[in-house]
Amino acid sequence: MAENMQHSGMAGMANGAHPAPTPSTPSTPSTQPMAPARPAPDVMTKCPNCREIIVTKELEKNLRVCPRCGHHFRLTADERIALVLDEGSFQEMSADLMTEDPLHFVSRSKPYPTYAAEYRAETGLNEGVVYGRGAIEGLPLVLVVMDFRFIGGSMGTVVGEKITRAIELAAKERIPLVVCSASGGARMQEGALSLMQMAKTSAALARLAEAGVPYISVLTDPTTGGVAASFAFLGDVMLAEPGALIGFAGPRVIEQAIHQRLPKDTNTSEFLLAHGMIDGITHRRELRSTLARLLRLYQQAATLA
Ligand SMILES: [Zn+2]
């Protein structure tokens with residue numbers, strides 16, 4: 001099955017699916033300004049953790065996990081869906097929803113609609129989240145996947161609306177909800193309307209809980225800000241990928257606020273697990289099988305009830 005996943009879903013993403021610069025290869029100031037020998041990002045990829053230079057195709061085959069140190073590179077929504085779901089089972093919903101510009105916001109000297117249009121062209125997505133019906137090992141679920149490439153996976157009104165629709169679909173049809181988060185938080189360009197999505201998604205999840213339908217939250221790198229402070233942390237089961245940056249505020253902001261140095265690994269999956277904030281850390285190779293096991297448990301419980 002794992003082999004299948006690698007070849008069916010992940011193969012098509014080798015080129016173009018991760019536009020330069022890959023989010024997980026942030027500016028590394030260690031190199032000189034000009035680097036003519038630097039490998040092209042679509043052929044070779046440098047691991048930001050161990051600095052290993054990896055043939056990108058090998059990285060794709062390894063589910064975008066560094067073969068040397070296990071660093072989990074970020075996935076696009078398409079890659080995540082291919083990784084998790086049965087092949088061909090995904091039925092995307094509300095794909096045509098696009099953001100409005102309620103505040104007439106101008107960002108980086110560009111009107112917000114222009115800015116958003118550029119991200120649409122770059123990512124091939126209409127927004128920072130994708131959801132729909134799907135199946136894992138034949139078990140039905142509603143899957144929500146955020147894509148960090150689209151304005152940092154930020155949650156504006158459309159992201160909030162799509163996530164709420166997904167939750168309501170799960171409640172109505174009584175099928176489990178799985179949300180894979182990857183977000184920098186609320187979308188500044190939509191101001192307070194973005195913040196309202198925190199309440200909206202949380203309220204919908206409360207109704208899902210009342211309906212007795214399970215919600216599995218998968219935290220991936222990064223899950224921060226208003227997303228961490230709302231639906232991402234409300235899962236009945238909380239999973240995270242290894243080494244993910246997770247938390248409301250980043251370590252530097254916290255240090256500035258409390259005037260103390262933080263432990264080295266604060267805001268990582270491992271730190272959260274050690275402190276009881278999440279239930280488990282799941283290697284990407286085992287994510288699909290772990291979700292299948294959880295869905296099967298629910299199905300058995302639902303049958304007995
Ligand atoms: Zn590495």
# chains A, B, ... in the order shown; residues from 1 in each chain; ligands from 1

$ residues_near_ligand --ligand "ligand 1" --cutoff "9 Å" --atoms "only C-alpha atoms and all ligand atoms" --output "PyMOL selection string"
chain A and resi 46-54+65-72

$ residues_around --residues "segment 239-250 of chain A" --least-positions-apart "6" --cutoff "9 Å" --atoms "only C-alpha atoms" --output "MDAnalysis selection string"
chainID A and resid 70:72 185 216:229 266:270 272:273 278:284 287

$ closest_residue --among "A:Ser194, A:Thr56, A:Ser181, A:Thr45" --to "Asp101 of chain A" --atoms "only C-alpha atoms"
A:Ser194

$ closest_residue --among "A:Met196, A:Ala121, A:Ala182, A:Met93" --to "Arg165 of chain A" --atoms "only C-alpha atoms"
A:Met93

$ residues_around --residues "segment 142-148 of chain A" --least-positions-apart "5" --cutoff "6 Å" --atoms "only C-alpha atoms" --output "ChimeraX atom specification"
/A:76-77,128-133,153,177-183

$ atom_distance --atom1 "atom CA of Leu208 of chain A" --atom2 "atom CA of Leu294 of chain A"
17.1 Å

$ atom_distance --atom1 "atom CA of Gly184 of chain A" --atom2 "atom CA of Gly156 of chain A"
11.4 Å

$ closest_residue --among "A:Ala199, A:Ala82, A:Leu193, A:Val159" --to "Leu103 of chain A" --atoms "only C-alpha atoms"
A:Leu193

$ select_by_dssp --residues "segment 25-262 of chain A" --states "strand (DSSP E)" --output "MDAnalysis selection string"
chainID A and resid 44:46 53:55 91:93 106:107 110:111 129:136 139:146 177:183 215:224 237:240 246:247

$ write_last_selection --atoms "N, CA and C atoms" --output "compact mmCIF listing (two decimals), in the first residue's frame"
# COMPACT_ATOMS: atom_id res chain seq x y z
N MET A 44 17.61 19.15 -7.41
CA MET A 44 18.15 18.80 -6.11
C MET A 44 17.46 19.65 -5.05
N THR A 45 17.32 19.10 -3.87
CA THR A 45 16.72 19.84 -2.77
C THR A 45 17.62 19.70 -1.55
N LYS A 46 17.81 20.83 -0.87
CA LYS A 46 18.65 20.79 0.33
C LYS A 46 17.77 20.65 1.55
N ILE A 53 22.09 17.28 0.60
CA ILE A 53 21.58 17.60 -0.74
C ILE A 53 20.94 16.32 -1.27
N ILE A 54 19.66 16.40 -1.58
CA ILE A 54 18.90 15.21 -1.96
C ILE A 54 18.41 15.37 -3.39
N VAL A 55 18.49 14.30 -4.16
CA VAL A 55 17.89 14.31 -5.50
C VAL A 55 16.38 14.44 -5.30
N GLN A 91 -13.62 13.48 -3.65
CA GLN A 91 -14.60 14.31 -4.38
C GLN A 91 -14.55 15.70 -3.76
N GLU A 92 -13.87 16.60 -4.42
CA GLU A 92 -13.72 17.94 -3.85
C GLU A 92 -15.04 18.69 -3.86
N MET A 93 -15.24 19.52 -2.84
CA MET A 93 -16.48 20.30 -2.74
C MET A 93 -16.15 21.78 -2.56
N VAL A 106 -5.07 46.95 0.86
CA VAL A 106 -3.90 47.02 -0.02
C VAL A 106 -2.71 46.47 0.76
N SER A 107 -2.07 45.45 0.18
CA SER A 107 -0.99 44.77 0.89
C SER A 107 0.25 44.79 0.02
N LYS A 110 -0.09 46.30 -3.20
CA LYS A 110 -0.99 45.66 -4.17
C LYS A 110 -2.35 45.50 -3.55
N PRO A 111 -3.41 45.75 -4.35
CA PRO A 111 -4.74 45.45 -3.83
C PRO A 111 -4.84 43.94 -3.52
N VAL A 129 -7.40 26.22 1.34
CA VAL A 129 -7.87 24.95 1.90
C VAL A 129 -8.69 24.21 0.86
N VAL A 130 -8.63 22.89 0.93
CA VAL A 130 -9.37 22.01 0.02
C VAL A 130 -10.13 21.02 0.89
N TYR A 131 -11.39 20.75 0.55
CA TYR A 131 -12.09 19.71 1.32
C TYR A 131 -13.01 18.91 0.42
N GLY A 132 -13.38 17.75 0.92
CA GLY A 132 -14.32 16.92 0.18
C GLY A 132 -14.51 15.57 0.85
N ARG A 133 -15.32 14.76 0.18
CA ARG A 133 -15.51 13.38 0.66
C ARG A 133 -14.37 12.51 0.15
N GLY A 134 -14.08 11.46 0.90
CA GLY A 134 -13.05 10.53 0.45
C GLY A 134 -13.14 9.26 1.25
N ALA A 135 -12.18 8.37 1.03
CA ALA A 135 -12.16 7.11 1.77
C ALA A 135 -10.72 6.70 2.05
N ILE A 136 -10.54 6.06 3.18
CA ILE A 136 -9.25 5.46 3.53
C ILE A 136 -9.51 3.99 3.80
N LEU A 139 -13.02 3.18 4.10
CA LEU A 139 -13.82 3.81 5.16
C LEU A 139 -14.06 5.27 4.81
N PRO A 140 -15.32 5.73 4.84
CA PRO A 140 -15.61 7.10 4.40
C PRO A 140 -15.19 8.15 5.43
N LEU A 141 -14.83 9.29 4.93
CA LEU A 141 -14.51 10.43 5.80
C LEU A 141 -14.69 11.73 5.03
N VAL A 142 -14.74 12.82 5.78
CA VAL A 142 -14.64 14.14 5.17
C VAL A 142 -13.22 14.62 5.46
N LEU A 143 -12.49 14.96 4.40
CA LEU A 143 -11.10 15.37 4.56
C LEU A 143 -10.93 16.85 4.23
N VAL A 144 -10.25 17.55 5.12
CA VAL A 144 -9.90 18.95 4.90
C VAL A 144 -8.38 19.04 4.90
N VAL A 145 -7.82 19.70 3.89
CA VAL A 145 -6.36 19.85 3.82
C VAL A 145 -6.02 21.30 3.54
N MET A 146 -5.19 21.87 4.38
CA MET A 146 -4.74 23.24 4.14
C MET A 146 -3.46 23.21 3.30
N LEU A 177 -14.48 13.29 10.53
CA LEU A 177 -13.80 14.44 9.94
C LEU A 177 -12.31 14.35 10.23
N VAL A 178 -11.51 14.54 9.20
CA VAL A 178 -10.05 14.63 9.39
C VAL A 178 -9.60 15.96 8.80
N VAL A 179 -8.90 16.74 9.60
CA VAL A 179 -8.38 18.03 9.12
C VAL A 179 -6.86 18.02 9.24
N CYS A 180 -6.19 18.27 8.12
CA CYS A 180 -4.73 18.40 8.12
C CYS A 180 -4.40 19.89 8.03
N SER A 181 -3.91 20.43 9.12
CA SER A 181 -3.66 21.87 9.18
C SER A 181 -2.24 22.23 8.76
N ALA A 182 -2.12 23.37 8.10
CA ALA A 182 -0.81 23.96 7.78
C ALA A 182 -1.09 25.43 7.55
N SER A 183 -0.77 26.26 8.53
CA SER A 183 -1.21 27.64 8.44
C SER A 183 -0.40 28.57 9.32
N TYR A 215 -13.64 13.75 15.32
CA TYR A 215 -12.82 14.70 14.57
C TYR A 215 -11.35 14.41 14.89
N ILE A 216 -10.60 14.07 13.86
CA ILE A 216 -9.17 13.81 14.01
C ILE A 216 -8.41 14.98 13.42
N SER A 217 -7.57 15.59 14.23
CA SER A 217 -6.81 16.75 13.77
C SER A 217 -5.36 16.33 13.55
N VAL A 218 -4.84 16.64 12.37
CA VAL A 218 -3.45 16.32 12.04
C VAL A 218 -2.71 17.64 11.87
N LEU A 219 -1.77 17.88 12.77
CA LEU A 219 -1.03 19.14 12.73
C LEU A 219 0.25 18.93 11.93
N THR A 220 0.43 19.76 10.91
CA THR A 220 1.65 19.64 10.11
C THR A 220 2.37 20.98 10.16
N ASP A 221 3.57 20.98 9.64
CA ASP A 221 4.42 22.16 9.72
C ASP A 221 4.00 23.23 8.72
N PRO A 222 3.73 24.45 9.14
CA PRO A 222 3.55 24.90 10.52
C PRO A 222 2.05 25.02 10.83
N THR A 223 1.68 24.91 12.06
CA THR A 223 0.30 25.18 12.47
C THR A 223 0.36 26.22 13.59
N THR A 224 0.04 27.45 13.25
CA THR A 224 0.24 28.53 14.21
C THR A 224 -0.93 29.52 14.18
N VAL A 237 -8.96 13.40 18.54
CA VAL A 237 -7.63 12.79 18.51
C VAL A 237 -6.71 13.80 17.85
N MET A 238 -5.59 14.06 18.52
CA MET A 238 -4.65 15.06 18.02
C MET A 238 -3.36 14.38 17.59
N LEU A 239 -3.08 14.43 16.29
CA LEU A 239 -1.83 13.86 15.78
C LEU A 239 -0.98 14.99 15.21
N ALA A 240 0.33 14.73 15.12
CA ALA A 240 1.21 15.72 14.49
C ALA A 240 2.31 14.99 13.74
N ILE A 246 4.53 24.16 15.82
CA ILE A 246 3.13 24.25 16.22
C ILE A 246 3.02 25.18 17.43
N GLY A 247 2.04 26.05 17.40
CA GLY A 247 1.85 26.92 18.55
C GLY A 247 1.13 28.18 18.14

$ atom_distance --atom1 "atom CA of Thr123 of chain A" --atom2 "atom CA of Met98 of chain A"
13.7 Å

$ select_by_dssp --residues "segment 91-224 of chain A" --states "alpha helix (DSSP H)" --output "ChimeraX atom specification"
/A:112-123,157-173,191-210

$ write_last_selection --atoms "C-alpha atoms" --output "PDB file, in the first residue's frame"
ATOM      1  CA  TYR A 112      -5.667  42.238  -2.036  1.00  0.00           C
ATOM      2  CA  PRO A 113      -7.610  40.810  -5.032  1.00  0.00           C
ATOM      3  CA  THR A 114      -4.513  41.166  -7.233  1.00  0.00           C
ATOM      4  CA  TYR A 115      -2.402  39.551  -4.570  1.00  0.00           C
ATOM      5  CA  ALA A 116      -4.847  36.656  -4.202  1.00  0.00           C
ATOM      6  CA  ALA A 117      -5.035  36.207  -7.975  1.00  0.00           C
ATOM      7  CA  GLU A 118      -1.264  35.796  -8.108  1.00  0.00           C
ATOM      8  CA  TYR A 119      -1.443  33.033  -5.524  1.00  0.00           C
ATOM      9  CA  ARG A 120      -4.250  31.368  -7.453  1.00  0.00           C
ATOM     10  CA  ALA A 121      -2.097  31.361 -10.588  1.00  0.00           C
ATOM     11  CA  GLU A 122       0.967  30.139  -8.706  1.00  0.00           C
ATOM     12  CA  THR A 123      -0.684  27.319  -6.786  1.00  0.00           C
ATOM     13  CA  THR A 157     -13.527  34.128   5.305  1.00  0.00           C
ATOM     14  CA  VAL A 158     -13.398  31.547   2.512  1.00  0.00           C
ATOM     15  CA  VAL A 159     -11.072  29.205   4.394  1.00  0.00           C
ATOM     16  CA  GLY A 160     -13.312  29.517   7.458  1.00  0.00           C
ATOM     17  CA  GLU A 161     -16.434  28.924   5.392  1.00  0.00           C
ATOM     18  CA  LYS A 162     -15.009  25.849   3.649  1.00  0.00           C
ATOM     19  CA  ILE A 163     -13.852  24.316   6.907  1.00  0.00           C
ATOM     20  CA  THR A 164     -17.262  25.002   8.453  1.00  0.00           C
ATOM     21  CA  ARG A 165     -19.015  23.410   5.488  1.00  0.00           C
ATOM     22  CA  ALA A 166     -16.779  20.347   5.867  1.00  0.00           C
ATOM     23  CA  ILE A 167     -17.636  20.079   9.559  1.00  0.00           C
ATOM     24  CA  GLU A 168     -21.353  20.463   8.844  1.00  0.00           C
ATOM     25  CA  LEU A 169     -21.161  17.812   6.126  1.00  0.00           C
ATOM     26  CA  ALA A 170     -19.498  15.397   8.553  1.00  0.00           C
ATOM     27  CA  ALA A 171     -22.192  16.099  11.160  1.00  0.00           C
ATOM     28  CA  LYS A 172     -25.058  15.740   8.703  1.00  0.00           C
ATOM     29  CA  GLU A 173     -23.826  12.506   7.168  1.00  0.00           C
ATOM     30  CA  GLY A 191      -8.852  41.771   9.461  1.00  0.00           C
ATOM     31  CA  ALA A 192     -11.461  41.016  12.103  1.00  0.00           C
ATOM     32  CA  LEU A 193     -13.478  38.971   9.614  1.00  0.00           C
ATOM     33  CA  SER A 194     -10.627  36.458   9.689  1.00  0.00           C
ATOM     34  CA  LEU A 195     -10.657  36.336  13.459  1.00  0.00           C
ATOM     35  CA  MET A 196     -14.384  35.577  13.376  1.00  0.00           C
ATOM     36  CA  GLN A 197     -13.581  32.342  11.541  1.00  0.00           C
ATOM     37  CA  MET A 198     -12.022  31.056  14.754  1.00  0.00           C
ATOM     38  CA  ALA A 199     -15.374  31.317  16.521  1.00  0.00           C
ATOM     39  CA  LYS A 200     -17.299  30.048  13.519  1.00  0.00           C
ATOM     40  CA  THR A 201     -15.245  26.881  13.031  1.00  0.00           C
ATOM     41  CA  SER A 202     -15.101  26.206  16.781  1.00  0.00           C
ATOM     42  CA  ALA A 203     -18.878  26.543  17.110  1.00  0.00           C
ATOM     43  CA  ALA A 204     -19.387  24.131  14.216  1.00  0.00           C
ATOM     44  CA  LEU A 205     -17.042  21.650  15.897  1.00  0.00           C
ATOM     45  CA  ALA A 206     -19.040  21.906  19.111  1.00  0.00           C
ATOM     46  CA  ARG A 207     -22.112  20.835  17.127  1.00  0.00           C
ATOM     47  CA  LEU A 208     -20.122  17.988  15.581  1.00  0.00           C
ATOM     48  CA  ALA A 209     -19.144  16.831  19.072  1.00  0.00           C
ATOM     49  CA  GLU A 210     -22.795  17.000  20.169  1.00  0.00           C
TER      50      GLU A 210
END

$ closest_residue --among "A:Val213, A:Leu75, A:Met188, A:Ala292" --to "Phe105 of chain A" --atoms "only C-alpha atoms"
A:Met188

$ closest_residue --among "A:Leu262, A:Leu291, A:Leu125, A:Ala186" --to "Ser230 of chain A" --atoms "only C-alpha atoms"
A:Ala186

$ closest_residue --among "A:His259, A:Lys264, A:Arg149, A:Lys61" --to "Gly124 of chain A" --atoms "only C-alpha atoms"
A:Arg149
